[in-house]
Amino acid sequence: MTWASFYLPIDAQMAVLENLHQHDHEHRHAQRAPQEAPLPEDALLIDVRSYAEYMAGHLPDAHCLPLPQMSHLVAQMAPDHDAPIVLYCSSGGRAEQALGLLQRMGYKNVRNGGAALALGKKMGKAIEH
């Protein structure tokens, strides 16, 4: 609301505030990220945490490939650079680092799945030990 609107009658001031509120709501709604595409069913799940973290609990059918060994071993696990790959870790941070690494190595269909628990929930899979 501008300083000049304070000189308007109260009902006109309320209309100005409602318009500002509506505009703000529309602006925030327009800035929201689009819905994320569903994860491919045939994606290779890679847990980029340490082996100890993996053994403490991981998603079914996930492969342990810790971030420090990623660049050396990923070609053995995923020779096809077009195959769908979903990376995950404890919070998504290491998976984001691995995503950048794999993209620089030429992998084209790689996604950061984020945290193991959230990804498991999204996929309808329970953590196994």
# chains A, B, ... in the order shown; residues from 1 in each chain; ligands from 1

$ residues_around --residues "stretch 83-88 of chain A" --least-positions-apart "6" --cutoff "7 Å" --atoms "only C-alpha atoms" --output "JSON, numbers by chain"
{"A": [40, 43, 44, 45, 46, 47, 48, 95, 109, 110, 111, 112, 113, 114, 115, 116]}

$ closest_atom_pairs --of "stretch 61-82 of chain A" --to "stretch 53-57 of chain A" --cutoff "10 Å" --atoms "only C-alpha atoms" --output "JSON lines"
{"residue": "A:Ala62", "atom": "CA", "partner": "A:Tyr54", "partner_atom": "CA", "distance": 9.2}
{"residue": "A:His63", "atom": "CA", "partner": "A:Tyr54", "partner_atom": "CA", "distance": 8.8}
{"residue": "A:Cys64", "atom": "CA", "partner": "A:Tyr54", "partner_atom": "CA", "distance": 6.5}
{"residue": "A:Leu65", "atom": "CA", "partner": "A:Tyr54", "partner_atom": "CA", "distance": 9.3}
{"residue": "A:Pro66", "atom": "CA", "partner": "A:Tyr54", "partner_atom": "CA", "distance": 9.1}

$ write_last_selection --atoms "C-alpha atoms" --output "mmCIF file, in the first residue's frame"
data_model
loop_
_atom_site.group_PDB
_atom_site.id
_atom_site.type_symbol
_atom_site.label_atom_id
_atom_site.label_comp_id
_atom_site.auth_asym_id
_atom_site.auth_seq_id
_atom_site.Cartn_x
_atom_site.Cartn_y
_atom_site.Cartn_z
ATOM 1 C CA ALA A 62 19.853 -50.254 -4.501
ATOM 2 C CA HIS A 63 23.568 -50.563 -5.176
ATOM 3 C CA CYS A 64 26.149 -49.072 -2.852
ATOM 4 C CA LEU A 65 28.572 -46.831 -4.683
ATOM 5 C CA PRO A 66 30.076 -44.332 -2.234
#

$ closest_residue --among "A:Glu128, A:Ala78, A:Met123, A:Cys89" --to "A:Lys108" --atoms "only C-alpha atoms"
A:Ala78

$ atom_distance --atom1 "atom CA of A:Pro38" --atom2 "atom CA of A:Ala52"
29.2 Å

$ select_by_dssp --residues "stretch 35-72 of chain A" --states "strand (DSSP E or B)" --output "PyMOL selection string"
chain A and resi 44-47+58+63-64

$ write_last_selection --atoms "N, CA and C atoms" --output "compact mmCIF listing (two decimals), in the first residue's frame"
# COMPACT_ATOMS: atom_id res chain seq x y z
N LEU A 44 18.25 -47.49 -12.28
CA LEU A 44 19.27 -48.05 -11.42
C LEU A 44 19.36 -47.17 -10.18
N LEU A 45 19.12 -47.75 -9.02
CA LEU A 45 19.20 -47.00 -7.76
C LEU A 45 20.61 -47.10 -7.23
N ILE A 46 21.23 -45.96 -7.00
CA ILE A 46 22.59 -45.94 -6.45
C ILE A 46 22.59 -45.15 -5.16
N ASP A 47 23.02 -45.82 -4.10
CA ASP A 47 23.18 -45.21 -2.78
C ASP A 47 24.62 -44.71 -2.70
N HIS A 58 19.01 -49.41 3.61
CA HIS A 58 19.01 -48.92 2.24
C HIS A 58 17.72 -49.34 1.54
N HIS A 63 22.16 -50.18 -5.17
CA HIS A 63 23.57 -50.56 -5.18
C HIS A 63 24.36 -49.52 -4.40
N CYS A 64 25.31 -49.99 -3.62
CA CYS A 64 26.15 -49.07 -2.85
C CYS A 64 27.34 -48.66 -3.71

$ closest_residue --among "A:Asp82, A:Lys125, A:Arg104, A:Gln97" --to "A:Pro68" --atoms "only C-alpha atoms"
A:Gln97

$ atom_distance --atom1 "atom CA of A:Met70" --atom2 "atom CA of A:Ser90"
16.4 Å
